[in-house]
file protein.txt (compact mmCIF, C-alpha atoms)
# COMPACT_ATOMS: atom_id res chain seq x y z
CA MET O 1 112.17 127.84 106.22
CA LEU O 2 112.84 124.23 107.22
CA GLN O 3 112.43 121.32 104.82
CA PHE O 4 112.39 117.63 105.61
CA PHE O 5 115.58 116.05 104.31
CA GLY O 6 115.25 112.40 105.38
CA ASN O 7 116.95 110.11 107.90
CA HIS O 8 120.59 110.73 108.67
CA VAL O 9 122.42 107.58 107.60
CA GLU O 10 124.91 107.43 110.47
CA THR O 11 122.72 108.38 113.45
CA GLY O 12 119.24 107.30 112.30
CA TYR O 13 117.83 110.67 113.39
CA ARG O 14 115.49 112.60 111.14
CA VAL O 15 117.16 115.59 109.56
CA VAL O 16 115.69 118.85 108.25
CA THR O 17 117.44 121.45 106.18
CA GLY O 18 117.31 125.11 107.02
CA SER O 19 119.25 128.28 106.36
CA LYS O 20 122.07 126.98 108.59
CA GLY O 21 122.36 123.54 106.97
CA GLU O 22 121.27 120.18 108.35
CA ILE O 23 119.62 120.22 111.78
CA PRO O 24 119.00 116.85 113.49
CA MET O 25 115.55 116.54 115.07
CA ALA O 26 115.32 115.45 118.69
CA LEU O 27 113.62 112.08 118.24
CA LYS O 28 114.91 109.00 116.48
CA VAL O 29 112.59 107.46 113.87
CA ARG O 30 111.29 104.14 115.18
CA LYS O 31 110.32 101.12 113.12
CA ASN O 32 106.66 100.18 113.06
CA LYS O 33 106.13 96.97 115.06
CA ALA O 34 102.59 96.30 113.80
CA PRO O 35 102.26 93.37 111.44
CA PRO O 36 101.87 94.40 107.82
CA ALA O 37 98.27 94.76 106.66
CA PRO O 38 97.03 92.12 104.24
CA PRO O 39 96.79 93.30 100.58
CA SER O 40 93.02 93.74 100.90
CA CYS O 41 92.73 94.45 104.60
CA PRO O 42 89.54 92.94 106.10
CA MET O 43 89.40 95.69 108.72
CA THR O 44 89.44 98.36 106.01
CA ILE O 45 86.64 96.59 104.16
CA CYS O 46 84.50 96.30 107.32
CA MET O 47 85.14 99.86 108.46
CA GLY O 48 84.46 101.11 104.92
CA LEU O 49 81.05 99.48 105.12
CA LEU O 50 80.25 100.72 108.64
CA GLY O 51 81.64 104.17 107.86
CA GLY O 52 78.89 104.87 105.34
CA THR O 53 76.38 107.51 106.32
CA TRP O 54 73.33 105.95 108.01
CA THR O 55 74.67 102.39 107.58
CA PRO O 56 75.14 101.62 111.31
CA ASN O 57 71.68 103.08 111.99
CA LEU O 58 70.08 100.83 109.36
CA ILE O 59 71.87 97.73 110.63
CA TRP O 60 70.80 98.62 114.16
CA MET O 61 67.16 99.10 113.16
CA LEU O 62 67.14 95.79 111.28
CA SER O 63 68.64 93.98 114.28
CA GLY O 64 65.14 93.91 115.81
CA GLY O 65 63.75 91.94 112.86
CA PRO O 66 62.57 92.47 109.28
CA ARG O 67 61.33 95.95 108.37
CA ARG O 68 59.63 97.45 105.34
CA PHE O 69 60.91 100.58 103.60
CA GLY O 70 58.28 102.87 105.16
CA GLU O 71 58.98 101.47 108.63
CA LEU O 72 62.70 102.12 108.22
CA LYS O 73 61.92 105.65 107.02
CA ARG O 74 59.87 106.21 110.20
CA ASP O 75 62.61 104.63 112.35
CA ILE O 76 65.20 107.08 110.96
CA PRO O 77 63.20 110.25 110.16
CA ARG O 78 66.17 112.38 109.03
CA ILE O 79 67.24 109.97 106.23
CA SER O 80 65.95 110.86 102.76
CA PRO O 81 64.13 108.21 100.70
CA LYS O 82 66.90 108.40 98.08
CA MET O 83 69.64 107.78 100.68
CA LEU O 84 67.63 104.99 102.31
CA SER O 85 67.22 103.24 98.94
CA SER O 86 70.91 103.69 98.16
CA ARG O 87 72.09 102.33 101.52
CA LEU O 88 69.71 99.36 101.40
CA ARG O 89 70.88 98.53 97.87
CA THR O 90 74.54 98.74 98.92
CA LEU O 91 73.96 96.57 101.99
CA GLU O 92 72.08 94.04 99.87
CA ASP O 93 74.90 93.98 97.28
CA LYS O 94 77.45 93.37 100.05
CA GLY O 95 75.40 90.53 101.51
CA VAL O 96 74.58 92.30 104.79
CA VAL O 97 70.85 92.68 104.11
CA THR O 98 68.35 90.40 102.40
CA ARG O 99 65.42 91.73 100.41
CA GLU O 100 62.19 89.76 100.16
CA VAL O 101 59.30 90.77 97.91
CA LEU O 102 56.02 89.91 99.63
CA ALA O 103 53.07 88.70 97.58
CA THR O 104 50.66 91.37 98.74
CA SER O 105 48.51 93.86 96.88
CA PRO O 106 50.22 96.24 96.32
CA PRO O 107 53.54 94.35 96.39
CA SER O 108 55.64 95.03 99.46
CA VAL O 109 59.32 94.49 100.26
CA GLU O 110 60.86 93.47 103.57
CA TYR O 111 64.49 93.96 104.49
CA ALA O 112 66.26 91.79 107.06
CA LEU O 113 69.80 91.20 108.25
CA SER O 114 71.64 88.26 106.72
CA ASP O 115 73.96 86.06 108.79
CA VAL O 116 76.81 88.49 108.01
CA GLY O 117 74.59 91.39 109.07
CA HIS O 118 73.90 89.73 112.42
CA GLU O 119 77.66 89.33 112.92
CA LEU O 120 77.99 93.14 112.71
CA ILE O 121 75.74 93.77 115.74
CA PRO O 122 78.45 92.95 118.34
CA VAL O 123 80.87 95.13 116.34
CA ILE O 124 78.46 98.07 116.46
CA ASN O 125 77.87 97.43 120.19
CA ALA O 126 81.65 97.54 120.80
CA ILE O 127 81.95 100.81 118.83
CA VAL O 128 79.07 102.29 120.87
CA LYS O 129 80.76 101.23 124.13
CA VAL O 130 84.07 102.86 123.15
CA GLY O 131 82.25 105.93 121.79
CA THR O 132 80.42 106.33 125.09
CA LYS O 133 83.72 106.19 127.00
CA LEU O 134 85.27 108.75 124.65
CA ARG O 135 82.26 111.04 124.97
CA ASP O 136 82.31 110.78 128.77
CA THR O 137 86.07 111.42 128.87
CA GLU O 138 85.68 114.41 126.56
CA SER O 139 82.82 115.91 128.55
CA THR O 140 84.74 115.41 131.82
CA ALA O 141 87.85 117.04 130.38
CA HIS O 142 85.78 119.88 128.97
CA ALA O 143 84.04 120.46 132.33
CA THR O 144 87.32 120.55 134.28
CA SER O 145 88.95 123.01 131.87
CA ARG O 146 86.34 125.68 132.55
call {"tool": "encode", "arguments": {"input": "protein.txt", "output": "structure tokens"}}
result
Amino acid sequence: MLQFFGNHVETGYRVVTGSKGEIPMALKVRKNKAPPAPPSCPMTICMGLLGGTWTPNLIWMLSGGPRRFGELKRDIPRISPKMLSSRLRTLEDKGVVTREVLATSPPSVEYALSDVGHELIPVINAIVKVGTKLRDTESTAHATSR
């Protein structure tokens, strides 16, 4: 059984230990050239928001203009009312969505994207563009391997 031992001080190569002692691995460990991430990385915060289940769908549906709860439920039929409420509340708390109570009988609520929410639309479009390329590449690779 091999176990990772660390970097060999003299050569810089990674070393594992096995039944025959230290065995240097073939590749030298390289230093990471990426700049260090800020303490609270903005990318992590944004991706954490967009990574929530149904969140990109809700932002996309609200990009066309204000929608009421029932309209959003019809726009995304597979989302449960509980999940829809939860996601809308989270997006409102994060400042992505605004909530306006309408003076109607019975009272009604409209949800709309805030300025920050509108800034997420190009981000979602970019993710869709890359996702489409990845899907097409995957389907092409899958078709040629048959």
call {"tool": "closest_atom_pairs", "arguments": {"input": "protein.txt", "of": "stretch 76-132 of chain O", "to": "stretch 29-53 of chain O", "cutoff": "9 Å", "atoms": "all atoms listed in the file", "output": "Markdown table"}}
result
| residue | atom | partner | partner_atom | distance |
| --- | --- | --- | --- | --- |
| O:Met83 | CA | O:Thr53 | CA | 8.8 |
| O:Arg87 | CA | O:Gly52 | CA | 8.2 |
| O:Leu91 | CA | O:Leu49 | CA | 8.3 |
| O:Lys94 | CA | O:Leu49 | CA | 8.7 |
| O:Leu120 | CA | O:Leu50 | CA | 8.9 |
| O:Ile124 | CA | O:Leu50 | CA | 8.4 |
call {"tool": "residues_around", "arguments": {"input": "protein.txt", "residues": "O:Ala112", "least_positions_apart": "2", "cutoff": "6 Å", "atoms": "only C-alpha atoms", "output": "PyMOL selection string"}}
result
chain O and resi 62+66+97-98
call {"tool": "closest_residue", "arguments": {"input": "protein.txt", "among": "O:Asp93, O:Asp75, O:Glu119, O:Asp136", "to": "O:Asn57", "atoms": "only C-alpha atoms"}}
result
O:Asp75
call {"tool": "atom_distance", "arguments": {"input": "protein.txt", "atom1": "atom CA of O:Thr132", "atom2": "atom CA of O:Ile59"}}
result
18.9 Å
call {"tool": "closest_residue", "arguments": {"input": "protein.txt", "among": "O:Ser114, O:Asn125, O:Thr104, O:Ser85", "to": "O:Pro56", "atoms": "only C-alpha atoms"}}
result
O:Asn125
call {"tool": "atom_distance", "arguments": {"input": "protein.txt", "atom1": "atom CA of O:Met61", "atom2": "atom CA of O:Gly131"}}
result
18.7 Å
call {"tool": "residues_near_point", "arguments": {"input": "protein.txt", "point": "(58.3, 93.1, 102.1)", "cutoff": "6 Å", "atoms": "all atoms listed in the file", "output": "MDAnalysis selection string"}}
result
chainID O and resid 68 100:102 108:110
call {"tool": "atom_distance", "arguments": {"input": "protein.txt", "atom1": "atom CA of O:Gly65", "atom2": "atom CA of O:Tyr111"}}
result
8.6 Å
call {"tool": "build_atoms", "arguments": {"input": "protein.txt", "residues": "stretch 104-120 of chain O", "atoms": "N, CA and C atoms", "output": "PDB file, keeping the file's coordinate frame"}}
result
ATOM      1  N   THR O 104      51.809  90.634  98.228  1.00  0.00           N
ATOM      2  CA  THR O 104      50.660  91.370  98.740  1.00  0.00           C
ATOM      3  C   THR O 104      50.177  92.305  97.638  1.00  0.00           C
ATOM      4  N   SER O 105      49.021  92.892  97.843  1.00  0.00           N
ATOM      5  CA  SER O 105      48.510  93.860  96.880  1.00  0.00           C
ATOM      6  C   SER O 105      48.365  95.183  97.599  1.00  0.00           C
ATOM      7  N   PRO O 106      49.108  96.199  97.271  1.00  0.00           N
ATOM      8  CA  PRO O 106      50.220  96.240  96.320  1.00  0.00           C
ATOM      9  C   PRO O 106      51.431  95.466  96.852  1.00  0.00           C
ATOM     10  N   PRO O 107      52.351  95.096  95.961  1.00  0.00           N
ATOM     11  CA  PRO O 107      53.540  94.350  96.390  1.00  0.00           C
ATOM     12  C   PRO O 107      54.323  95.138  97.447  1.00  0.00           C
ATOM     13  N   SER O 108      54.881  94.417  98.381  1.00  0.00           N
ATOM     14  CA  SER O 108      55.640  95.030  99.460  1.00  0.00           C
ATOM     15  C   SER O 108      56.996  94.334  99.568  1.00  0.00           C
ATOM     16  N   VAL O 109      57.966  95.031 100.121  1.00  0.00           N
ATOM     17  CA  VAL O 109      59.320  94.490 100.260  1.00  0.00           C
ATOM     18  C   VAL O 109      59.731  94.573 101.716  1.00  0.00           C
ATOM     19  N   GLU O 110      60.310  93.490 102.217  1.00  0.00           N
ATOM     20  CA  GLU O 110      60.860  93.470 103.570  1.00  0.00           C
ATOM     21  C   GLU O 110      62.366  93.315 103.510  1.00  0.00           C
ATOM     22  N   TYR O 111      63.047  94.044 104.380  1.00  0.00           N
ATOM     23  CA  TYR O 111      64.490  93.960 104.490  1.00  0.00           C
ATOM     24  C   TYR O 111      64.825  93.319 105.835  1.00  0.00           C
ATOM     25  N   ALA O 112      65.821  92.445 105.831  1.00  0.00           N
ATOM     26  CA  ALA O 112      66.260  91.790 107.060  1.00  0.00           C
ATOM     27  C   ALA O 112      67.767  91.619 107.017  1.00  0.00           C
ATOM     28  N   LEU O 113      68.365  91.438 108.186  1.00  0.00           N
ATOM     29  CA  LEU O 113      69.800  91.200 108.250  1.00  0.00           C
ATOM     30  C   LEU O 113      70.101  89.765 107.824  1.00  0.00           C
ATOM     31  N   SER O 114      71.151  89.593 107.060  1.00  0.00           N
ATOM     32  CA  SER O 114      71.640  88.260 106.720  1.00  0.00           C
ATOM     33  C   SER O 114      72.491  87.765 107.888  1.00  0.00           C
ATOM     34  N   ASP O 115      73.065  86.580 107.741  1.00  0.00           N
ATOM     35  CA  ASP O 115      73.960  86.060 108.790  1.00  0.00           C
ATOM     36  C   ASP O 115      75.144  87.007 109.004  1.00  0.00           C
ATOM     37  N   VAL O 116      75.691  87.535 107.911  1.00  0.00           N
ATOM     38  CA  VAL O 116      76.810  88.490 108.010  1.00  0.00           C
ATOM     39  C   VAL O 116      76.340  89.760 108.714  1.00  0.00           C
ATOM     40  N   GLY O 117      75.137  90.209 108.418  1.00  0.00           N
ATOM     41  CA  GLY O 117      74.590  91.390 109.070  1.00  0.00           C
ATOM     42  C   GLY O 117      74.461  91.205 110.572  1.00  0.00           C
ATOM     43  N   HIS O 118      74.019  90.010 110.975  1.00  0.00           N
ATOM     44  CA  HIS O 118      73.900  89.730 112.420  1.00  0.00           C
ATOM     45  C   HIS O 118      75.268  89.708 113.088  1.00  0.00           C
ATOM     46  N   GLU O 119      76.308  89.326 112.359  1.00  0.00           N
ATOM     47  CA  GLU O 119      77.660  89.330 112.920  1.00  0.00           C
ATOM     48  C   GLU O 119      78.160  90.751 113.182  1.00  0.00           C
ATOM     49  N   LEU O 120      77.565  91.746 112.517  1.00  0.00           N
ATOM     50  CA  LEU O 120      77.990  93.140 112.710  1.00  0.00           C
ATOM     51  C   LEU O 120      77.411  93.769 113.973  1.00  0.00           C
TER      52      LEU O 120
END
